[in-house]
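Below: one structure, written as structure tokens.
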Amino acid sequence: MLYFDHNATTPLSPRAKAAWLEAVDRFPGNPSSPHRIGARADAALSEARERLAGILGCSPLDIVWTSGASESSNTLFHHVASSRADSEVWISAIEHPCVLESARHYVGPRLHLVPVTRGGVADLNWLHEQLQQRRPALVAIMAANNETGVIQPWREALAMCQEHGVPFFCDAVQWIGKLPASGIGACDFVAGSAHKFGGPRGVGFLKCPGKALIEPLIRGGPQEDRRRAGTENVAGVLAMLAALEEREGSSEHKQQQSWRDEFERELVTRLPGAAVVGAGQPRLWNTVSALMPETDCRQRWVVKLDKAGCAVSTGSACSSGKESPSHVLLAMGYSPSEAGRVLRFSSGLETTQKEWRILLDALTSVHAELVAT
Ligand code: PLP
């Protein structure tokens, strides 16, 4: 089976697996325990914190280990709701549901959506104009969109927010491990998740200002400087770092991007009516969001491609299988019926040119079948 759903989750990399197995043997203790076995686990966690801080460009004190980006995002909006109960919160209209829904839940009526362009990019003109008039409690713009792969102008948005003294949150889940993470630690808050770059599921982090008191979402023990209770997942954290360090050192994505580009060119040539969403915008090297010809609903495409040996997605994993059209595509100005024709293909570093070509042939055959029925 060819796997083209890396934006949903990635297989555990061999290096991460080895790091996890080594860690469970070497660090069996609880990092909070008073004996040497506990202290060794705590030291391993501190060392991992330094390594991640070095990659992101922030202080180790800024890192809080979490179970993943959904928890990181919920922690942040819970904190914002408890500490700044009056001001507005502005988030881009194309954020992942873990950002949109946690913001809706915790800050509800104070939430305003930053519009996006037809190309799927957060509208910085809107942000600039609004910042001249008001100061929100937080602005959130993701680093790269999980459905379209369109890269967002987070550096520019961060600079604007810094100029106006407004805290800035970047959901960097799809960026980290695909593009260099250096400098992203300059954002006040950053969410990351190991299973998007070859690490294990159920582990991630929230980068937040180390000196500020963060209102914990999960209460209990004093772990993580009282910012997140619960026994830390030492082996998960070490496996995440092993996966990330491997990805940070890799330059294979240039080759990957050329195969992806070849696939896109061929796709729109072979299937009349097909188009690439976000074409012309800087996009992640691994993602194709394709508006398919008006032959059938995308679920049938997915089922037929699955039978042909290719695992693809209709968009974000969270909304796959549901009937409601993607909020990302609607925000970009696509109609609900167009949004219902979009498929997502997302590769990994191990994907080969041959696999892209097999996927293209499978799409061509499925298209011919759908046209004939
Ligand atoms: N943010 C983005 C952009 C994502 O793609 C995802 C995963 O689908 C998440 C957040 C949620 O991450 P996690 O699975 O770690 O909760």
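Each chain of the structure tokens is named A, B, ... in the order shown, its residues numbered from 1; ligands are numbered from 1 in display order.
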If you count only C-alpha atoms and all ligand atoms, which residues end up within 9 Å of ligand 1, as a PDB file with N, CA and C atoms, in the first residue's frame?
ATOM      1  N   ASN A   7       0.447  14.061   6.169  1.00  0.00           N
ATOM      2  CA  ASN A   7       0.010  15.220   6.960  1.00  0.00           C
ATOM      3  C   ASN A   7      -0.941  14.795   8.072  1.00  0.00           C
ATOM      4  N   ALA A   8      -1.546  13.609   7.928  1.00  0.00           N
ATOM      5  CA  ALA A   8      -2.407  13.093   8.998  1.00  0.00           C
ATOM      6  C   ALA A   8      -1.548  12.493  10.103  1.00  0.00           C
ATOM      7  N   THR A   9      -0.626  11.642   9.720  1.00  0.00           N
ATOM      8  CA  THR A   9       0.361  11.103  10.667  1.00  0.00           C
ATOM      9  C   THR A   9       1.460  10.410   9.878  1.00  0.00           C
ATOM     10  N   THR A  66       3.846  18.204  26.266  1.00  0.00           N
ATOM     11  CA  THR A  66       2.408  17.926  26.293  1.00  0.00           C
ATOM     12  C   THR A  66       2.147  16.598  25.571  1.00  0.00           C
ATOM     13  N   SER A  67       0.874  16.262  25.448  1.00  0.00           N
ATOM     14  CA  SER A  67       0.519  15.022  24.733  1.00  0.00           C
ATOM     15  C   SER A  67       0.377  15.267  23.237  1.00  0.00           C
ATOM     16  N   GLY A  68       0.578  16.507  22.796  1.00  0.00           N
ATOM     17  CA  GLY A  68       0.455  16.810  21.369  1.00  0.00           C
ATOM     18  C   GLY A  68      -0.100  18.213  21.189  1.00  0.00           C
ATOM     19  N   ALA A  69      -0.323  18.572  19.935  1.00  0.00           N
ATOM     20  CA  ALA A  69      -0.698  19.958  19.644  1.00  0.00           C
ATOM     21  C   ALA A  69      -2.114  20.290  20.097  1.00  0.00           C
ATOM     22  N   SER A  70      -3.014  19.314  20.126  1.00  0.00           N
ATOM     23  CA  SER A  70      -4.376  19.622  20.593  1.00  0.00           C
ATOM     24  C   SER A  70      -4.326  20.051  22.058  1.00  0.00           C
ATOM     25  N   GLU A  71      -3.534  19.339  22.841  1.00  0.00           N
ATOM     26  CA  GLU A  71      -3.415  19.744  24.255  1.00  0.00           C
ATOM     27  C   GLU A  71      -2.714  21.100  24.362  1.00  0.00           C
ATOM     28  N   SER A  72      -1.672  21.310  23.560  1.00  0.00           N
ATOM     29  CA  SER A  72      -0.948  22.585  23.620  1.00  0.00           C
ATOM     30  C   SER A  72      -1.889  23.742  23.328  1.00  0.00           C
ATOM     31  N   SER A  73      -2.711  23.565  22.312  1.00  0.00           N
ATOM     32  CA  SER A  73      -3.619  24.626  21.903  1.00  0.00           C
ATOM     33  C   SER A  73      -4.702  24.875  22.963  1.00  0.00           C
ATOM     34  N   GLU A  95      -7.182  27.865  10.560  1.00  0.00           N
ATOM     35  CA  GLU A  95      -6.474  27.098  11.596  1.00  0.00           C
ATOM     36  C   GLU A  95      -7.026  25.676  11.685  1.00  0.00           C
ATOM     37  N   HIS A  96      -6.214  24.796  12.223  1.00  0.00           N
ATOM     38  CA  HIS A  96      -6.648  23.417  12.485  1.00  0.00           C
ATOM     39  C   HIS A  96      -7.785  23.443  13.512  1.00  0.00           C
ATOM     40  N   PRO A  97      -8.706  22.454  13.449  1.00  0.00           N
ATOM     41  CA  PRO A  97      -9.803  22.436  14.427  1.00  0.00           C
ATOM     42  C   PRO A  97      -9.344  22.483  15.892  1.00  0.00           C
ATOM     43  N   CYS A  98      -8.143  21.982  16.182  1.00  0.00           N
ATOM     44  CA  CYS A  98      -7.726  22.013  17.603  1.00  0.00           C
ATOM     45  C   CYS A  98      -7.467  23.442  18.065  1.00  0.00           C
ATOM     46  N   VAL A  99      -7.197  24.341  17.126  1.00  0.00           N
ATOM     47  CA  VAL A  99      -7.031  25.761  17.473  1.00  0.00           C
ATOM     48  C   VAL A  99      -8.391  26.447  17.419  1.00  0.00           C
ATOM     49  N   MET A 142      -1.133  29.977  11.849  1.00  0.00           N
ATOM     50  CA  MET A 142      -0.335  28.758  11.756  1.00  0.00           C
ATOM     51  C   MET A 142       0.859  28.961  10.812  1.00  0.00           C
ATOM     52  N   ALA A 143       1.840  28.026  10.885  1.00  0.00           N
ATOM     53  CA  ALA A 143       3.024  28.167  10.035  1.00  0.00           C
ATOM     54  C   ALA A 143       2.766  27.645   8.624  1.00  0.00           C
ATOM     55  N   ALA A 144       2.054  26.525   8.527  1.00  0.00           N
ATOM     56  CA  ALA A 144       1.724  25.955   7.214  1.00  0.00           C
ATOM     57  C   ALA A 144       0.419  25.195   7.372  1.00  0.00           C
ATOM     58  N   ASN A 145      -0.448  25.316   6.364  1.00  0.00           N
ATOM     59  CA  ASN A 145      -1.771  24.700   6.502  1.00  0.00           C
ATOM     60  C   ASN A 145      -1.725  23.197   6.227  1.00  0.00           C
ATOM     61  N   ASN A 146      -2.417  22.441   7.065  1.00  0.00           N
ATOM     62  CA  ASN A 146      -2.403  20.983   6.958  1.00  0.00           C
ATOM     63  C   ASN A 146      -3.175  20.465   5.756  1.00  0.00           C
ATOM     64  N   GLU A 147      -4.173  21.208   5.271  1.00  0.00           N
ATOM     65  CA  GLU A 147      -4.978  20.718   4.137  1.00  0.00           C
ATOM     66  C   GLU A 147      -4.356  21.101   2.801  1.00  0.00           C
ATOM     67  N   ASP A 171       0.817  27.737  15.388  1.00  0.00           N
ATOM     68  CA  ASP A 171       0.676  26.278  15.336  1.00  0.00           C
ATOM     69  C   ASP A 171       1.629  25.822  14.235  1.00  0.00           C
ATOM     70  N   ALA A 172       2.775  25.289  14.665  1.00  0.00           N
ATOM     71  CA  ALA A 172       3.837  24.946  13.705  1.00  0.00           C
ATOM     72  C   ALA A 172       3.878  23.444  13.421  1.00  0.00           C
ATOM     73  N   VAL A 173       2.758  22.776  13.669  1.00  0.00           N
ATOM     74  CA  VAL A 173       2.718  21.313  13.554  1.00  0.00           C
ATOM     75  C   VAL A 173       3.149  20.817  12.174  1.00  0.00           C
ATOM     76  N   GLN A 174       2.678  21.461  11.108  1.00  0.00           N
ATOM     77  CA  GLN A 174       3.010  20.950   9.768  1.00  0.00           C
ATOM     78  C   GLN A 174       4.342  21.496   9.245  1.00  0.00           C
ATOM     79  N   TRP A 175       4.869  22.509   9.893  1.00  0.00           N
ATOM     80  CA  TRP A 175       6.151  23.101   9.482  1.00  0.00           C
ATOM     81  C   TRP A 175       7.318  22.326  10.088  1.00  0.00           C
ATOM     82  N   ALA A 191       3.054  25.549  19.003  1.00  0.00           N
ATOM     83  CA  ALA A 191       2.631  24.166  19.250  1.00  0.00           C
ATOM     84  C   ALA A 191       3.332  23.248  18.265  1.00  0.00           C
ATOM     85  N   GLY A 192       3.787  22.093  18.759  1.00  0.00           N
ATOM     86  CA  GLY A 192       4.427  21.092  17.894  1.00  0.00           C
ATOM     87  C   GLY A 192       3.971  19.703  18.288  1.00  0.00           C
ATOM     88  N   SER A 193       4.057  18.762  17.341  1.00  0.00           N
ATOM     89  CA  SER A 193       3.556  17.408  17.589  1.00  0.00           C
ATOM     90  C   SER A 193       4.457  16.381  16.916  1.00  0.00           C
ATOM     91  N   ALA A 194       4.947  15.401  17.714  1.00  0.00           N
ATOM     92  CA  ALA A 194       5.959  14.452  17.233  1.00  0.00           C
ATOM     93  C   ALA A 194       5.483  13.582  16.069  1.00  0.00           C
ATOM     94  N   HIS A 195       4.192  13.198  16.079  1.00  0.00           N
ATOM     95  CA  HIS A 195       3.772  12.192  15.086  1.00  0.00           C
ATOM     96  C   HIS A 195       3.640  12.752  13.677  1.00  0.00           C
ATOM     97  N   LYS A 196       3.902  14.057  13.517  1.00  0.00           N
ATOM     98  CA  LYS A 196       3.879  14.628  12.163  1.00  0.00           C
ATOM     99  C   LYS A 196       5.257  14.609  11.510  1.00  0.00           C
ATOM    100  N   ARG A 201       3.145   8.987  18.461  1.00  0.00           N
ATOM    101  CA  ARG A 201       1.910   9.727  18.751  1.00  0.00           C
ATOM    102  C   ARG A 201       1.801   9.992  20.244  1.00  0.00           C
ATOM    103  N   GLY A 202       1.046  11.040  20.577  1.00  0.00           N
ATOM    104  CA  GLY A 202       0.780  11.298  22.000  1.00  0.00           C
ATOM    105  C   GLY A 202       1.886  12.060  22.700  1.00  0.00           C
ATOM    106  N   VAL A 203       2.741  12.733  21.933  1.00  0.00           N
ATOM    107  CA  VAL A 203       3.761  13.576  22.570  1.00  0.00           C
ATOM    108  C   VAL A 203       4.005  14.806  21.707  1.00  0.00           C
ATOM    109  N   GLY A 204       4.164  15.939  22.364  1.00  0.00           N
ATOM    110  CA  GLY A 204       4.398  17.199  21.664  1.00  0.00           C
ATOM    111  C   GLY A 204       4.829  18.235  22.669  1.00  0.00           C
ATOM    112  N   PHE A 205       4.700  19.496  22.285  1.00  0.00           N
ATOM    113  CA  PHE A 205       5.139  20.544  23.221  1.00  0.00           C
ATOM    114  C   PHE A 205       4.371  21.834  22.986  1.00  0.00           C
ATOM    115  N   SER A 316      -8.150  17.312   6.141  1.00  0.00           N
ATOM    116  CA  SER A 316      -7.583  17.057   7.458  1.00  0.00           C
ATOM    117  C   SER A 316      -8.164  15.748   7.954  1.00  0.00           C
ATOM    118  N   ALA A 317      -7.354  14.967   8.669  1.00  0.00           N
ATOM    119  CA  ALA A 317      -7.794  13.651   9.147  1.00  0.00           C
ATOM    120  C   ALA A 317      -9.048  13.796   9.985  1.00  0.00           C
ATOM    121  N   CYS A 318      -9.124  14.925  10.722  1.00  0.00           N
ATOM    122  CA  CYS A 318     -10.254  15.107  11.630  1.00  0.00           C
ATOM    123  C   CYS A 318     -11.567  15.237  10.882  1.00  0.00           C
TER     124      CYS A 318
END
Mind checking which residues fall within 9 Å of Thr351 (chain A), counting only C-alpha atoms, ignoring those fewer than 3 positions away in the same chain, and posting them as an mmCIF file with N, CA, C and O atoms, in the first residue's frame?
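The resulting file, out_22.cif, is reproduced below:
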data_model
loop_
_atom_site.group_PDB
_atom_site.id
_atom_site.type_symbol
_atom_site.label_atom_id
_atom_site.label_comp_id
_atom_site.auth_asym_id
_atom_site.auth_seq_id
_atom_site.Cartn_x
_atom_site.Cartn_y
_atom_site.Cartn_z
ATOM 1 N N LEU A 2 0.626 2.180 -0.924
ATOM 2 C CA LEU A 2 1.418 3.416 -0.942
ATOM 3 C C LEU A 2 0.753 4.434 -0.021
ATOM 4 O O LEU A 2 -0.447 4.677 -0.101
ATOM 5 N N TYR A 3 1.556 5.042 0.835
ATOM 6 C CA TYR A 3 1.016 5.923 1.876
ATOM 7 C C TYR A 3 1.203 7.396 1.492
ATOM 8 O O TYR A 3 2.323 7.904 1.493
ATOM 9 N N PHE A 4 0.102 8.043 1.134
ATOM 10 C CA PHE A 4 0.139 9.473 0.786
ATOM 11 C C PHE A 4 -0.716 10.266 1.762
ATOM 12 O O PHE A 4 -1.524 11.098 1.360
ATOM 13 N N GLN A 256 12.334 15.798 -3.193
ATOM 14 C CA GLN A 256 10.921 15.451 -2.997
ATOM 15 C C GLN A 256 10.011 16.474 -3.677
ATOM 16 O O GLN A 256 9.007 16.129 -4.291
ATOM 17 N N SER A 347 3.135 13.417 0.973
ATOM 18 C CA SER A 347 4.214 12.427 0.946
ATOM 19 C C SER A 347 5.105 12.561 2.179
ATOM 20 O O SER A 347 4.960 13.489 2.974
ATOM 21 N N GLY A 348 6.057 11.636 2.292
ATOM 22 C CA GLY A 348 7.052 11.697 3.364
ATOM 23 C C GLY A 348 8.442 11.662 2.759
ATOM 24 O O GLY A 348 8.589 11.531 1.541
ATOM 25 N N LYS A 354 8.923 6.948 -8.066
ATOM 26 C CA LYS A 354 8.115 5.855 -8.634
ATOM 27 C C LYS A 354 6.735 5.829 -7.973
ATOM 28 O O LYS A 354 5.717 5.623 -8.637
ATOM 29 N N GLU A 355 6.701 6.036 -6.667
ATOM 30 C CA GLU A 355 5.420 6.009 -5.948
ATOM 31 C C GLU A 355 4.504 7.148 -6.401
ATOM 32 O O GLU A 355 3.305 6.963 -6.571
ATOM 33 N N TRP A 356 5.079 8.340 -6.608
ATOM 34 C CA TRP A 356 4.278 9.448 -7.141
ATOM 35 C C TRP A 356 3.690 9.067 -8.503
ATOM 36 O O TRP A 356 2.547 9.376 -8.815
#
Next on the checklist: as a list in words, please: the residues near Lys307 (chain A) (cut-off 10 Å, only C-alpha atoms, same-chain neighbours under 5 positions excluded).
Outcome noted: Met1, Trp301, Val302 and Ala362 of chain A
With N, CA, C and O atoms kept, could you save the residues just selected as a CSV table (one decimal), in the first residue's frame?
chain,number,residue,atom,x,y,z
A,1,MET,N,0.9,-1.2,0.0
A,1,MET,CA,0.0,0.0,0.0
A,1,MET,C,0.9,1.3,0.0
A,1,MET,O,1.8,1.4,0.8
A,301,TRP,N,-13.6,8.5,-4.7
A,301,TRP,CA,-12.2,8.5,-5.1
A,301,TRP,C,-11.4,7.8,-4.1
A,301,TRP,O,-10.5,7.0,-4.4
A,302,VAL,N,-11.6,8.2,-2.8
A,302,VAL,CA,-10.7,7.7,-1.8
A,302,VAL,C,-10.9,6.1,-1.7
A,302,VAL,O,-9.9,5.4,-1.6
A,362,ALA,N,-2.8,5.6,-11.0
A,362,ALA,CA,-4.0,5.1,-10.3
A,362,ALA,C,-5.1,6.1,-10.4
A,362,ALA,O,-6.3,5.8,-10.7
Checklist entry - Using the chain letters and numbers from this document, which residues of region 120-286 of chain A does DSSP assign to helix (DSSP H, G or I), as a ChimeraX atom specification? => result /A:124-133,154-163,184-186,194-196,223-226,234-248,253-270
Item to check | Distance query region 214-216 of chain A at most 8 Å, only C-alpha atoms, self and fewer than 5 positions along chain excluded, as JSON, numbers by chain | outcome: {"A": [75, 78, 79, 82, 83, 226, 227, 228, 229]}
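Among A:Ala243, A:Leu45, A:Ala181, A:Leu138, the residue with the shortest atom-to-atom distance to Ala18 (chain A), counting only C-alpha atoms, is A:Ala243.
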Item to check | Sel. of strand (DSSP E or B) residues, region 229-309 of chain A, as a ChimeraX atom specification | outcome: /A:275-276,283,287-291
Could the residues in this selection be written to a file with N, CA, C and O atoms, as an mmCIF file, in the first residue's frame?
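Writing the result to selection-v2.cif gives the following:
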data_model
loop_
_atom_site.group_PDB
_atom_site.id
_atom_site.type_symbol
_atom_site.label_atom_id
_atom_site.label_comp_id
_atom_site.auth_asym_id
_atom_site.auth_seq_id
_atom_site.Cartn_x
_atom_site.Cartn_y
_atom_site.Cartn_z
ATOM 1 N N ALA A 275 -7.414 20.867 -10.768
ATOM 2 C CA ALA A 275 -6.606 22.064 -10.481
ATOM 3 C C ALA A 275 -5.965 21.905 -9.108
ATOM 4 O O ALA A 275 -6.492 21.201 -8.248
ATOM 5 N N VAL A 276 -4.828 22.565 -8.941
ATOM 6 C CA VAL A 276 -4.128 22.495 -7.650
ATOM 7 C C VAL A 276 -4.571 23.672 -6.787
ATOM 8 O O VAL A 276 -4.502 24.827 -7.223
ATOM 9 N N ARG A 283 4.345 26.578 -0.932
ATOM 10 C CA ARG A 283 3.654 25.482 -0.230
ATOM 11 C C ARG A 283 4.660 24.479 0.303
ATOM 12 O O ARG A 283 5.790 24.408 -0.191
ATOM 13 N N THR A 287 2.954 18.398 -0.049
ATOM 14 C CA THR A 287 1.487 18.406 -0.059
ATOM 15 C C THR A 287 0.910 18.796 -1.415
ATOM 16 O O THR A 287 1.361 19.769 -2.017
ATOM 17 N N VAL A 288 -0.105 18.047 -1.848
ATOM 18 C CA VAL A 288 -0.897 18.428 -3.016
ATOM 19 C C VAL A 288 -2.351 18.423 -2.566
ATOM 20 O O VAL A 288 -2.863 17.416 -2.088
ATOM 21 N N SER A 289 -3.004 19.585 -2.718
ATOM 22 C CA SER A 289 -4.434 19.662 -2.470
ATOM 23 C C SER A 289 -5.040 19.836 -3.858
ATOM 24 O O SER A 289 -4.811 20.849 -4.517
ATOM 25 N N ALA A 290 -5.786 18.826 -4.315
ATOM 26 C CA ALA A 290 -6.219 18.843 -5.717
ATOM 27 C C ALA A 290 -7.733 18.882 -5.836
ATOM 28 O O ALA A 290 -8.429 18.054 -5.241
ATOM 29 N N LEU A 291 -8.202 19.868 -6.586
ATOM 30 C CA LEU A 291 -9.624 19.944 -6.940
ATOM 31 C C LEU A 291 -9.801 18.971 -8.100
ATOM 32 O O LEU A 291 -9.232 19.150 -9.176
#
Next on the checklist: Considering only C-alpha atoms, can you say which of A:Leu100, A:Leu52, A:Val312, A:Val24 comes closest to Ala242 (chain A)?
Outcome noted: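 Closest to Ala242 (chain A) of all the choices is A:Leu52.
Residue nearest Leu131 (chain A) within the list A:Thr352, A:Gln162, A:Gln281, A:Ser92: A:Gln162 [criterion: smallest interatomic distance, only C-alpha atoms].
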Checklist entry - Any idea what's packed within 7 Å of Gly199 (chain A), counting only C-alpha atoms, ignoring anything in its chain fewer than 6 positions away? Could you give it as a PyMOL selection string? => result chain A and resi 12-13+16+239-240+243
I need the chosen residues saved as a tab-separated table (two decimals), in the first residue's frame, with N, CA, C and O atoms.
chain	number	residue	atom	x	y	z
A	12	LEU	N	6.47	5.83	12.44
A	12	LEU	CA	7.57	6.06	13.39
A	12	LEU	C	8.90	5.81	12.68
A	12	LEU	O	9.08	4.75	12.06
A	13	SER	N	9.82	6.77	12.73
A	13	SER	CA	11.09	6.58	12.02
A	13	SER	C	11.94	5.56	12.78
A	13	SER	O	11.85	5.46	14.01
A	16	ALA	N	13.75	7.11	15.66
A	16	ALA	CA	12.88	7.44	16.80
A	16	ALA	C	12.53	6.17	17.58
A	16	ALA	O	12.51	6.17	18.81
A	239	ALA	N	12.26	10.13	21.89
A	239	ALA	CA	12.03	9.64	20.52
A	239	ALA	C	11.65	10.82	19.62
A	239	ALA	O	12.08	10.90	18.46
A	240	MET	N	10.87	11.76	20.16
A	240	MET	CA	10.50	12.95	19.37
A	240	MET	C	11.75	13.73	18.97
A	240	MET	O	11.90	14.14	17.81
A	243	ALA	N	13.70	11.99	16.22
A	243	ALA	CA	13.06	12.16	14.90
A	243	ALA	C	13.29	13.57	14.37
A	243	ALA	O	13.61	13.77	13.19
Checklist entry - From the set A:Cys170, A:Glu101, A:Val366, A:Ala85, which residue has the shortest atom-to-atom contact distance to Ala137 (chain A), counting only C-alpha atoms? => result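 The closest residue to Ala137 (chain A) is A:Ala85.
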Item to check | Spatial neighbours of Val371 (chain A), max dist 10 Å, only C-alpha atoms, sep filter under 2 positions, as a PyMOL selection string | outcome: chain A and resi 293-296+365-369+373
Which residues of region 59-139 of chain A sit at most 10 Å from region 319-343 of chain A, using only C-alpha atoms? Give each one's shortest atom pair and distance in Å (one decimal place), in chain and ascending residue order, as CSV.
residue,atom,partner,partner_atom,distance
A:Ser92,CA,A:Ala331,CA,9.5
A:Ala93,CA,A:Ala331,CA,6.3
A:Ile94,CA,A:Val328,CA,4.7
A:Glu95,CA,A:Val328,CA,7.7
A:His96,CA,A:Val328,CA,8.7
A:Pro97,CA,A:Ser319,CA,9.0
A:Leu113,CA,A:Ala331,CA,9.9
A:Val114,CA,A:Ala331,CA,9.9
A:Pro115,CA,A:Ala331,CA,7.2
A:Val116,CA,A:Met332,CA,6.1
A:Thr117,CA,A:Met332,CA,6.0
A:Arg118,CA,A:Met332,CA,4.6
A:Gly119,CA,A:Met332,CA,6.7
A:Gly120,CA,A:Met332,CA,5.5
A:Val121,CA,A:Met332,CA,8.4
A:Ala122,CA,A:Met332,CA,9.7
Checklist entry - What does the distance between CA of Ser102 (chain A) and CA of Ala81 (chain A) come to in Å, to one decimal place? => result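 The value is 10.5 Å.
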Checklist outcome for this item: The distance between CA of Cys187 (chain A) and CA of Arg219 (chain A) is 25.3 Å
Checklist entry - Which one of A:Ala159, A:Ala140, A:Leu206, A:Ala53 sits closest to Val190 (chain A) if you count only C-alpha atoms? => result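 Smallest distance to Val190 (chain A) is found for A:Leu206.
When only C-alpha atoms are used to compute distances to Val64 (chain A), the closest of the residues A:Pro153, A:Pro282, A:Gly210, A:Gly249 turns out to be A:Gly210.
Between CA of Val234 (chain A) and CA of Asp188 (chain A) the separation is 24.8 Å.
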Next on the checklist: Please list as a VMD selection string every residue within 12 Å of Glu246 (chain A), counting only C-alpha atoms and excluding residues in the same chain fewer than 6 positions away.
Outcome noted: chain A and resid 13 to 16 19 55 176 to 178 180 197 to 199 239 to 240 252 349
Output for the residues just chosen: C-alpha atoms as a PDB file, in the first residue's frame:
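Below is the file out07.pdb, written as the result:
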ATOM      1  CA  SER A  13      11.089   6.578  12.017  1.00  0.00           C
ATOM      2  CA  PRO A  14      13.632   3.802  12.748  1.00  0.00           C
ATOM      3  CA  ARG A  15      15.799   6.311  14.628  1.00  0.00           C
ATOM      4  CA  ALA A  16      12.877   7.444  16.799  1.00  0.00           C
ATOM      5  CA  ALA A  19      15.618   6.111  20.790  1.00  0.00           C
ATOM      6  CA  ILE A  55      16.465  23.874  17.444  1.00  0.00           C
ATOM      7  CA  ILE A 176       8.346  21.482  12.118  1.00  0.00           C
ATOM      8  CA  GLY A 177      10.198  18.504  10.664  1.00  0.00           C
ATOM      9  CA  LYS A 178       9.478  19.597   7.077  1.00  0.00           C
ATOM     10  CA  PRO A 180      13.973  24.338   9.309  1.00  0.00           C
ATOM     11  CA  PHE A 197       7.627  14.198  11.671  1.00  0.00           C
ATOM     12  CA  GLY A 198       8.421  10.558  12.399  1.00  0.00           C
ATOM     13  CA  GLY A 199       8.069  10.658  16.190  1.00  0.00           C
ATOM     14  CA  ALA A 239      12.025   9.643  20.524  1.00  0.00           C
ATOM     15  CA  MET A 240      10.496  12.952  19.366  1.00  0.00           C
ATOM     16  CA  GLU A 252      16.089  15.542   0.773  1.00  0.00           C
ATOM     17  CA  LEU A 349      10.828  11.772   3.101  1.00  0.00           C
TER      18      LEU A 349
END
